[in-house]
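For reference, the structure is listed below as structure tokens.
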Amino acid sequence: MPKGLERVLEPVAMVWGRLDRLTTRRYVTKVVRAQLGQISGACGPEVDAERILRERLERRLAEQGTVPVTDPVGWLVGRALPRRAVCPDL
């Protein structure tokens, strides 16, 4: 796990463990940090972005259910990490 992101990525630790290349882990780490930045930007600095992203990952993993994640990078970057709906309110 990347230093400082252990708490955020804990729900998907088994998926993270399947990222076998260092370059892949760096890429996904950048995506995680970008998502944290987007959450902070949208919700403000007083919001715990790490908690929000952690809860999102927990929900996405629960939605996955018993279906195995066959592409860990694709699942993390394309399904687990992105925000699904954009709020129209500024």
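Chain identifiers are assigned as A, B, and so on, following the order in which chains appear in the structure tokens; residues are numbered from 1 within each chain, and ligands are numbered from 1 in order of appearance.
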
What's the 9 Å shell around region 6-13 of chain A, counting only C-alpha atoms, without same-chain residues fewer than 4 positions away, as a PDB file with all heavy atoms, in the first residue's frame?
ATOM      1  N   MET A   1       0.833  -1.187   0.000  1.00  0.00           N
ATOM      2  CA  MET A   1       0.000   0.000   0.000  1.00  0.00           C
ATOM      3  C   MET A   1       0.876   1.248   0.000  1.00  0.00           C
ATOM      4  O   MET A   1       1.899   1.278   0.681  1.00  0.00           O
ATOM      5  CB  MET A   1      -0.877   0.037   1.249  1.00  0.00           C
ATOM      6  CG  MET A   1      -1.897  -1.037   1.326  1.00  0.00           C
ATOM      7  SD  MET A   1      -3.307  -0.613   0.318  1.00  0.00           S
ATOM      8  CE  MET A   1      -4.411  -1.862   0.866  1.00  0.00           C
ATOM      9  N   PRO A   2       0.462   2.256  -0.720  1.00  0.00           N
ATOM     10  CA  PRO A   2       1.232   3.501  -0.718  1.00  0.00           C
ATOM     11  C   PRO A   2       1.179   4.173   0.648  1.00  0.00           C
ATOM     12  O   PRO A   2       0.140   4.164   1.306  1.00  0.00           O
ATOM     13  CB  PRO A   2       0.526   4.373  -1.751  1.00  0.00           C
ATOM     14  CG  PRO A   2      -0.448   3.511  -2.445  1.00  0.00           C
ATOM     15  CD  PRO A   2      -0.657   2.296  -1.621  1.00  0.00           C
ATOM     16  N   GLY A  17      -3.338  -5.860  -3.815  1.00  0.00           N
ATOM     17  CA  GLY A  17      -2.286  -6.868  -3.763  1.00  0.00           C
ATOM     18  C   GLY A  17      -2.062  -7.579  -5.080  1.00  0.00           C
ATOM     19  O   GLY A  17      -1.007  -8.169  -5.303  1.00  0.00           O
ATOM     20  N   ARG A  18      -3.045  -7.516  -5.968  1.00  0.00           N
ATOM     21  CA  ARG A  18      -2.919  -8.163  -7.274  1.00  0.00           C
ATOM     22  C   ARG A  18      -2.267  -7.255  -8.312  1.00  0.00           C
ATOM     23  O   ARG A  18      -2.032  -7.690  -9.438  1.00  0.00           O
ATOM     24  CB  ARG A  18      -4.293  -8.613  -7.751  1.00  0.00           C
ATOM     25  CG  ARG A  18      -4.828  -9.731  -6.851  1.00  0.00           C
ATOM     26  CD  ARG A  18      -6.186 -10.226  -7.248  1.00  0.00           C
ATOM     27  NE  ARG A  18      -6.291 -10.479  -8.668  1.00  0.00           N
ATOM     28  CZ  ARG A  18      -7.434 -10.331  -9.343  1.00  0.00           C
ATOM     29  NH1 ARG A  18      -8.530  -9.937  -8.733  1.00  0.00           N
ATOM     30  NH2 ARG A  18      -7.478 -10.580 -10.632  1.00  0.00           N
ATOM     31  N   VAL A  32      -5.807   7.571  -7.261  1.00  0.00           N
ATOM     32  CA  VAL A  32      -6.376   7.687  -5.909  1.00  0.00           C
ATOM     33  C   VAL A  32      -6.163   9.104  -5.377  1.00  0.00           C
ATOM     34  O   VAL A  32      -7.101   9.741  -4.880  1.00  0.00           O
ATOM     35  CB  VAL A  32      -5.756   6.650  -4.944  1.00  0.00           C
ATOM     36  CG1 VAL A  32      -6.166   6.913  -3.506  1.00  0.00           C
ATOM     37  CG2 VAL A  32      -6.143   5.240  -5.356  1.00  0.00           C
ATOM     38  N   GLU A  50     -10.617  11.362   2.683  1.00  0.00           N
ATOM     39  CA  GLU A  50     -10.190   9.965   2.817  1.00  0.00           C
ATOM     40  C   GLU A  50     -11.349   9.082   3.253  1.00  0.00           C
ATOM     41  O   GLU A  50     -11.513   7.977   2.742  1.00  0.00           O
ATOM     42  CB  GLU A  50      -9.034   9.852   3.802  1.00  0.00           C
ATOM     43  CG  GLU A  50      -7.745  10.425   3.270  1.00  0.00           C
ATOM     44  CD  GLU A  50      -6.582  10.211   4.212  1.00  0.00           C
ATOM     45  OE1 GLU A  50      -6.772   9.622   5.303  1.00  0.00           O
ATOM     46  OE2 GLU A  50      -5.468  10.616   3.851  1.00  0.00           O
ATOM     47  N   ARG A  51     -12.157   9.558   4.180  1.00  0.00           N
ATOM     48  CA  ARG A  51     -13.306   8.783   4.652  1.00  0.00           C
ATOM     49  C   ARG A  51     -14.314   8.583   3.522  1.00  0.00           C
ATOM     50  O   ARG A  51     -14.838   7.484   3.316  1.00  0.00           O
ATOM     51  CB  ARG A  51     -13.981   9.477   5.833  1.00  0.00           C
ATOM     52  CG  ARG A  51     -15.195   8.718   6.368  1.00  0.00           C
ATOM     53  CD  ARG A  51     -15.964   9.525   7.400  1.00  0.00           C
ATOM     54  NE  ARG A  51     -16.377  10.826   6.936  1.00  0.00           N
ATOM     55  CZ  ARG A  51     -17.449  11.064   6.158  1.00  0.00           C
ATOM     56  NH1 ARG A  51     -18.195  10.062   5.753  1.00  0.00           N
ATOM     57  NH2 ARG A  51     -17.757  12.285   5.780  1.00  0.00           N
ATOM     58  N   ILE A  52     -14.577   9.637   2.766  1.00  0.00           N
ATOM     59  CA  ILE A  52     -15.540   9.554   1.671  1.00  0.00           C
ATOM     60  C   ILE A  52     -15.068   8.547   0.618  1.00  0.00           C
ATOM     61  O   ILE A  52     -15.848   7.714   0.156  1.00  0.00           O
ATOM     62  CB  ILE A  52     -15.765  10.947   1.051  1.00  0.00           C
ATOM     63  CG1 ILE A  52     -16.525  11.826   2.047  1.00  0.00           C
ATOM     64  CG2 ILE A  52     -16.521  10.846  -0.271  1.00  0.00           C
ATOM     65  CD1 ILE A  52     -16.630  13.276   1.643  1.00  0.00           C
ATOM     66  N   LEU A  53     -13.803   8.610   0.244  1.00  0.00           N
ATOM     67  CA  LEU A  53     -13.284   7.681  -0.760  1.00  0.00           C
ATOM     68  C   LEU A  53     -13.254   6.254  -0.226  1.00  0.00           C
ATOM     69  O   LEU A  53     -13.588   5.309  -0.951  1.00  0.00           O
ATOM     70  CB  LEU A  53     -11.899   8.108  -1.241  1.00  0.00           C
ATOM     71  CG  LEU A  53     -11.345   7.327  -2.426  1.00  0.00           C
ATOM     72  CD1 LEU A  53     -12.309   7.352  -3.613  1.00  0.00           C
ATOM     73  CD2 LEU A  53      -9.990   7.878  -2.838  1.00  0.00           C
ATOM     74  N   ARG A  54     -12.901   6.096   1.028  1.00  0.00           N
ATOM     75  CA  ARG A  54     -12.899   4.755   1.636  1.00  0.00           C
ATOM     76  C   ARG A  54     -14.306   4.154   1.598  1.00  0.00           C
ATOM     77  O   ARG A  54     -14.487   3.000   1.232  1.00  0.00           O
ATOM     78  CB  ARG A  54     -12.385   4.831   3.069  1.00  0.00           C
ATOM     79  CG  ARG A  54     -12.419   3.500   3.793  1.00  0.00           C
ATOM     80  CD  ARG A  54     -12.072   3.688   5.273  1.00  0.00           C
ATOM     81  NE  ARG A  54     -12.353   2.496   6.005  1.00  0.00           N
ATOM     82  CZ  ARG A  54     -11.445   1.574   6.296  1.00  0.00           C
ATOM     83  NH1 ARG A  54     -10.197   1.717   5.901  1.00  0.00           N
ATOM     84  NH2 ARG A  54     -11.778   0.503   6.973  1.00  0.00           N
ATOM     85  N   GLU A  55     -15.303   4.952   1.966  1.00  0.00           N
ATOM     86  CA  GLU A  55     -16.683   4.470   1.946  1.00  0.00           C
ATOM     87  C   GLU A  55     -17.139   4.142   0.523  1.00  0.00           C
ATOM     88  O   GLU A  55     -17.876   3.187   0.304  1.00  0.00           O
ATOM     89  CB  GLU A  55     -17.614   5.500   2.586  1.00  0.00           C
ATOM     90  CG  GLU A  55     -17.423   5.601   4.084  1.00  0.00           C
ATOM     91  CD  GLU A  55     -18.206   6.738   4.717  1.00  0.00           C
ATOM     92  OE1 GLU A  55     -18.878   7.505   3.975  1.00  0.00           O
ATOM     93  OE2 GLU A  55     -18.141   6.872   5.949  1.00  0.00           O
ATOM     94  N   LEU A  57     -15.175   3.050  -1.876  1.00  0.00           N
ATOM     95  CA  LEU A  57     -14.542   1.775  -2.213  1.00  0.00           C
ATOM     96  C   LEU A  57     -15.260   0.612  -1.536  1.00  0.00           C
ATOM     97  O   LEU A  57     -15.429  -0.454  -2.139  1.00  0.00           O
ATOM     98  CB  LEU A  57     -13.067   1.803  -1.830  1.00  0.00           C
ATOM     99  CG  LEU A  57     -12.193   2.758  -2.643  1.00  0.00           C
ATOM    100  CD1 LEU A  57     -10.796   2.829  -2.061  1.00  0.00           C
ATOM    101  CD2 LEU A  57     -12.164   2.358  -4.103  1.00  0.00           C
ATOM    102  N   GLU A  58     -15.683   0.805  -0.305  1.00  0.00           N
ATOM    103  CA  GLU A  58     -16.435  -0.241   0.401  1.00  0.00           C
ATOM    104  C   GLU A  58     -17.743  -0.550  -0.331  1.00  0.00           C
ATOM    105  O   GLU A  58     -18.098  -1.720  -0.498  1.00  0.00           O
ATOM    106  CB  GLU A  58     -16.723   0.183   1.843  1.00  0.00           C
ATOM    107  CG  GLU A  58     -15.513   0.180   2.733  1.00  0.00           C
ATOM    108  CD  GLU A  58     -15.768   0.801   4.102  1.00  0.00           C
ATOM    109  OE1 GLU A  58     -16.810   1.474   4.289  1.00  0.00           O
ATOM    110  OE2 GLU A  58     -14.899   0.638   4.983  1.00  0.00           O
ATOM    111  N   LEU A  61     -17.058  -2.385  -3.671  1.00  0.00           N
ATOM    112  CA  LEU A  61     -16.681  -3.778  -3.429  1.00  0.00           C
ATOM    113  C   LEU A  61     -17.908  -4.601  -3.053  1.00  0.00           C
ATOM    114  O   LEU A  61     -18.067  -5.734  -3.514  1.00  0.00           O
ATOM    115  CB  LEU A  61     -15.614  -3.845  -2.331  1.00  0.00           C
ATOM    116  CG  LEU A  61     -14.875  -5.158  -2.186  1.00  0.00           C
ATOM    117  CD1 LEU A  61     -14.168  -5.538  -3.479  1.00  0.00           C
ATOM    118  CD2 LEU A  61     -13.870  -5.069  -1.055  1.00  0.00           C
ATOM    119  N   LEU A  76     -10.340  -0.897 -10.489  1.00  0.00           N
ATOM    120  CA  LEU A  76     -10.044   0.216  -9.588  1.00  0.00           C
ATOM    121  C   LEU A  76     -10.223   1.562 -10.283  1.00  0.00           C
ATOM    122  O   LEU A  76     -10.897   2.454  -9.770  1.00  0.00           O
ATOM    123  CB  LEU A  76      -8.625   0.093  -9.028  1.00  0.00           C
ATOM    124  CG  LEU A  76      -8.416  -0.976  -7.959  1.00  0.00           C
ATOM    125  CD1 LEU A  76      -6.928  -1.225  -7.743  1.00  0.00           C
ATOM    126  CD2 LEU A  76      -9.098  -0.570  -6.663  1.00  0.00           C
TER     127      LEU A  76
END

How would you write, as a compact mmCIF listing (two decimals) with N, CA, C and O atoms, in the first residue's frame, the set of residues in chain A that DSSP gives as helix (DSSP H, G or I)?
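As written to disk, states-v2.txt reads:
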# COMPACT_ATOMS: atom_id res chain seq x y z
N GLU A 6 -2.97 3.96 3.23
CA GLU A 6 -3.33 2.65 3.77
C GLU A 6 -4.79 2.61 4.24
O GLU A 6 -5.51 1.65 3.97
N ARG A 7 -5.21 3.65 4.94
CA ARG A 7 -6.57 3.70 5.50
C ARG A 7 -7.60 3.76 4.37
O ARG A 7 -8.63 3.10 4.43
N VAL A 8 -7.32 4.54 3.34
CA VAL A 8 -8.25 4.70 2.23
C VAL A 8 -8.39 3.39 1.46
O VAL A 8 -9.50 2.99 1.10
N LEU A 9 -7.29 2.74 1.19
CA LEU A 9 -7.29 1.55 0.34
C LEU A 9 -7.54 0.24 1.08
O LEU A 9 -7.60 -0.82 0.44
N GLU A 10 -7.69 0.30 2.37
CA GLU A 10 -7.88 -0.92 3.15
C GLU A 10 -9.03 -1.79 2.64
O GLU A 10 -8.89 -3.02 2.55
N PRO A 11 -10.18 -1.22 2.25
CA PRO A 11 -11.27 -2.09 1.78
C PRO A 11 -10.92 -2.90 0.52
O PRO A 11 -11.48 -3.96 0.30
N VAL A 12 -10.00 -2.37 -0.28
CA VAL A 12 -9.65 -3.06 -1.53
C VAL A 12 -8.23 -3.62 -1.47
O VAL A 12 -7.58 -3.78 -2.50
N ALA A 13 -7.76 -3.94 -0.29
CA ALA A 13 -6.39 -4.44 -0.11
C ALA A 13 -6.13 -5.69 -0.94
O ALA A 13 -5.04 -5.84 -1.51
N MET A 14 -7.11 -6.57 -1.04
CA MET A 14 -6.91 -7.80 -1.82
C MET A 14 -6.76 -7.48 -3.31
O MET A 14 -5.97 -8.12 -4.00
N VAL A 15 -7.51 -6.51 -3.79
CA VAL A 15 -7.40 -6.11 -5.20
C VAL A 15 -6.06 -5.41 -5.41
O VAL A 15 -5.35 -5.67 -6.38
N TRP A 16 -5.70 -4.53 -4.48
CA TRP A 16 -4.41 -3.83 -4.58
C TRP A 16 -3.25 -4.83 -4.61
O TRP A 16 -2.30 -4.66 -5.36
N LEU A 22 5.28 -2.30 -10.37
CA LEU A 22 5.49 -1.04 -9.66
C LEU A 22 4.90 0.13 -10.44
O LEU A 22 4.27 1.02 -9.85
N THR A 23 5.05 0.13 -11.75
CA THR A 23 4.50 1.22 -12.55
C THR A 23 2.97 1.25 -12.47
O THR A 23 2.37 2.33 -12.44
N THR A 24 2.36 0.10 -12.41
CA THR A 24 0.91 0.01 -12.28
C THR A 24 0.48 0.56 -10.93
O THR A 24 -0.49 1.33 -10.85
N ARG A 25 1.19 0.21 -9.89
CA ARG A 25 0.85 0.71 -8.55
C ARG A 25 1.01 2.23 -8.49
O ARG A 25 0.19 2.91 -7.88
N ARG A 26 2.04 2.75 -9.14
CA ARG A 26 2.24 4.20 -9.16
C ARG A 26 1.08 4.89 -9.89
O ARG A 26 0.60 5.94 -9.47
N TYR A 27 0.68 4.31 -11.00
CA TYR A 27 -0.42 4.87 -11.78
C TYR A 27 -1.71 4.91 -10.94
O TYR A 27 -2.38 5.94 -10.87
N VAL A 28 -2.06 3.80 -10.33
CA VAL A 28 -3.28 3.73 -9.53
C VAL A 28 -3.17 4.67 -8.32
O VAL A 28 -4.15 5.32 -7.95
N THR A 29 -1.99 4.80 -7.74
CA THR A 29 -1.79 5.73 -6.63
C THR A 29 -2.08 7.16 -7.08
O THR A 29 -2.73 7.93 -6.36
N LYS A 30 -1.64 7.53 -8.28
CA LYS A 30 -1.93 8.87 -8.81
C LYS A 30 -3.43 9.08 -8.98
O LYS A 30 -3.95 10.15 -8.70
N VAL A 31 -4.12 8.04 -9.44
CA VAL A 31 -5.56 8.14 -9.62
C VAL A 31 -6.25 8.30 -8.26
O VAL A 31 -7.18 9.11 -8.12
N VAL A 32 -5.81 7.57 -7.26
CA VAL A 32 -6.38 7.69 -5.91
C VAL A 32 -6.16 9.10 -5.38
O VAL A 32 -7.10 9.74 -4.88
N ARG A 33 -4.95 9.61 -5.50
CA ARG A 33 -4.67 10.98 -5.02
C ARG A 33 -5.48 12.02 -5.79
O ARG A 33 -5.96 12.99 -5.20
N ALA A 34 -5.68 11.80 -7.07
CA ALA A 34 -6.50 12.73 -7.87
C ALA A 34 -7.95 12.71 -7.39
O ALA A 34 -8.59 13.76 -7.30
N GLN A 35 -8.46 11.53 -7.07
CA GLN A 35 -9.83 11.42 -6.56
C GLN A 35 -9.96 12.13 -5.22
O GLN A 35 -10.96 12.81 -4.97
N LEU A 36 -8.96 11.99 -4.37
CA LEU A 36 -8.98 12.69 -3.08
C LEU A 36 -9.00 14.20 -3.31
O LEU A 36 -9.71 14.93 -2.62
N GLY A 37 -8.25 14.67 -4.29
CA GLY A 37 -8.23 16.08 -4.62
C GLY A 37 -9.57 16.55 -5.15
O GLY A 37 -10.04 17.65 -4.80
N GLN A 38 -10.21 15.75 -5.97
CA GLN A 38 -11.53 16.11 -6.50
C GLN A 38 -12.57 16.18 -5.39
O GLN A 38 -13.41 17.07 -5.37
N ILE A 39 -12.51 15.23 -4.48
CA ILE A 39 -13.46 15.24 -3.36
C ILE A 39 -13.25 16.48 -2.50
O ILE A 39 -14.21 17.17 -2.14
N SER A 40 -12.00 16.79 -2.19
CA SER A 40 -11.70 17.98 -1.39
C SER A 40 -12.14 19.24 -2.12
O SER A 40 -12.67 20.16 -1.51
N GLY A 41 -11.92 19.29 -3.44
CA GLY A 41 -12.32 20.45 -4.22
C GLY A 41 -13.82 20.63 -4.28
O GLY A 41 -14.32 21.75 -4.23
N ALA A 42 -14.55 19.53 -4.37
CA ALA A 42 -16.00 19.60 -4.48
C ALA A 42 -16.68 19.83 -3.14
O ALA A 42 -17.68 20.54 -3.05
N CYS A 43 -16.12 19.25 -2.09
CA CYS A 43 -16.77 19.30 -0.78
C CYS A 43 -16.15 20.30 0.18
O CYS A 43 -16.73 20.60 1.21
N ALA A 49 -11.94 13.78 3.03
CA ALA A 49 -11.94 13.16 1.71
C ALA A 49 -11.54 11.69 1.78
O ALA A 49 -12.07 10.86 1.03
N GLU A 50 -10.62 11.36 2.68
CA GLU A 50 -10.19 9.96 2.82
C GLU A 50 -11.35 9.08 3.25
O GLU A 50 -11.51 7.98 2.74
N ARG A 51 -12.16 9.56 4.18
CA ARG A 51 -13.31 8.78 4.65
C ARG A 51 -14.31 8.58 3.52
O ARG A 51 -14.84 7.48 3.32
N ILE A 52 -14.58 9.64 2.77
CA ILE A 52 -15.54 9.55 1.67
C ILE A 52 -15.07 8.55 0.62
O ILE A 52 -15.85 7.71 0.16
N LEU A 53 -13.80 8.61 0.24
CA LEU A 53 -13.28 7.68 -0.76
C LEU A 53 -13.25 6.25 -0.23
O LEU A 53 -13.59 5.31 -0.95
N ARG A 54 -12.90 6.10 1.03
CA ARG A 54 -12.90 4.76 1.64
C ARG A 54 -14.31 4.15 1.60
O ARG A 54 -14.49 3.00 1.23
N GLU A 55 -15.30 4.95 1.97
CA GLU A 55 -16.68 4.47 1.95
C GLU A 55 -17.14 4.14 0.52
O GLU A 55 -17.88 3.19 0.30
N ARG A 56 -16.69 4.93 -0.45
CA ARG A 56 -17.00 4.66 -1.85
C ARG A 56 -16.42 3.30 -2.25
O ARG A 56 -17.10 2.48 -2.89
N LEU A 57 -15.18 3.05 -1.88
CA LEU A 57 -14.54 1.78 -2.21
C LEU A 57 -15.26 0.61 -1.54
O LEU A 57 -15.43 -0.45 -2.14
N GLU A 58 -15.68 0.81 -0.30
CA GLU A 58 -16.43 -0.24 0.40
C GLU A 58 -17.74 -0.55 -0.33
O GLU A 58 -18.10 -1.72 -0.50
N ARG A 59 -18.45 0.50 -0.77
CA ARG A 59 -19.71 0.30 -1.50
C ARG A 59 -19.48 -0.42 -2.82
O ARG A 59 -20.22 -1.35 -3.17
N ARG A 60 -18.46 0.00 -3.54
CA ARG A 60 -18.20 -0.61 -4.85
C ARG A 60 -17.81 -2.08 -4.70
O ARG A 60 -18.19 -2.92 -5.51
N LEU A 61 -17.06 -2.38 -3.67
CA LEU A 61 -16.68 -3.78 -3.43
C LEU A 61 -17.91 -4.60 -3.05
O LEU A 61 -18.07 -5.73 -3.51
N ALA A 62 -18.80 -4.03 -2.25
CA ALA A 62 -20.04 -4.72 -1.88
C ALA A 62 -20.90 -4.95 -3.12
O ALA A 62 -21.52 -6.01 -3.27
N GLU A 63 -20.95 -3.96 -4.02
CA GLU A 63 -21.71 -4.10 -5.25
C GLU A 63 -21.15 -5.21 -6.14
O GLU A 63 -21.89 -5.86 -6.86
N GLN A 64 -19.84 -5.37 -6.10
CA GLN A 64 -19.18 -6.41 -6.89
C GLN A 64 -19.63 -7.78 -6.44
O GLN A 64 -19.72 -8.72 -7.23
N PRO A 72 -7.76 -6.01 -12.11
CA PRO A 72 -7.67 -5.13 -10.95
C PRO A 72 -7.48 -3.66 -11.31
O PRO A 72 -8.11 -2.79 -10.71
N VAL A 73 -6.65 -3.36 -12.29
CA VAL A 73 -6.41 -1.97 -12.68
C VAL A 73 -7.68 -1.37 -13.27
O VAL A 73 -8.11 -0.28 -12.89
N GLY A 74 -8.27 -2.07 -14.21
CA GLY A 74 -9.50 -1.59 -14.84
C GLY A 74 -10.62 -1.39 -13.83
O GLY A 74 -11.36 -0.42 -13.90
N TRP A 75 -10.75 -2.33 -12.90
CA TRP A 75 -11.81 -2.23 -11.91
C TRP A 75 -11.57 -1.04 -10.98
O TRP A 75 -12.49 -0.27 -10.72
N LEU A 76 -10.34 -0.90 -10.49
CA LEU A 76 -10.04 0.22 -9.59
C LEU A 76 -10.22 1.56 -10.28
O LEU A 76 -10.90 2.45 -9.77
N VAL A 77 -9.62 1.71 -11.46
CA VAL A 77 -9.61 3.00 -12.16
C VAL A 77 -10.96 3.30 -12.82
O VAL A 77 -11.40 4.44 -12.82
N GLY A 78 -11.59 2.28 -13.36
CA GLY A 78 -12.82 2.52 -14.11
C GLY A 78 -14.10 2.38 -13.34
O GLY A 78 -15.11 3.00 -13.67
N ARG A 79 -14.10 1.59 -12.29
CA ARG A 79 -15.34 1.32 -11.58
C ARG A 79 -15.31 1.75 -10.11
O ARG A 79 -16.25 2.35 -9.62
N ALA A 80 -14.26 1.42 -9.40
CA ALA A 80 -14.24 1.63 -7.95
C ALA A 80 -13.96 3.08 -7.55
O ALA A 80 -14.59 3.60 -6.63
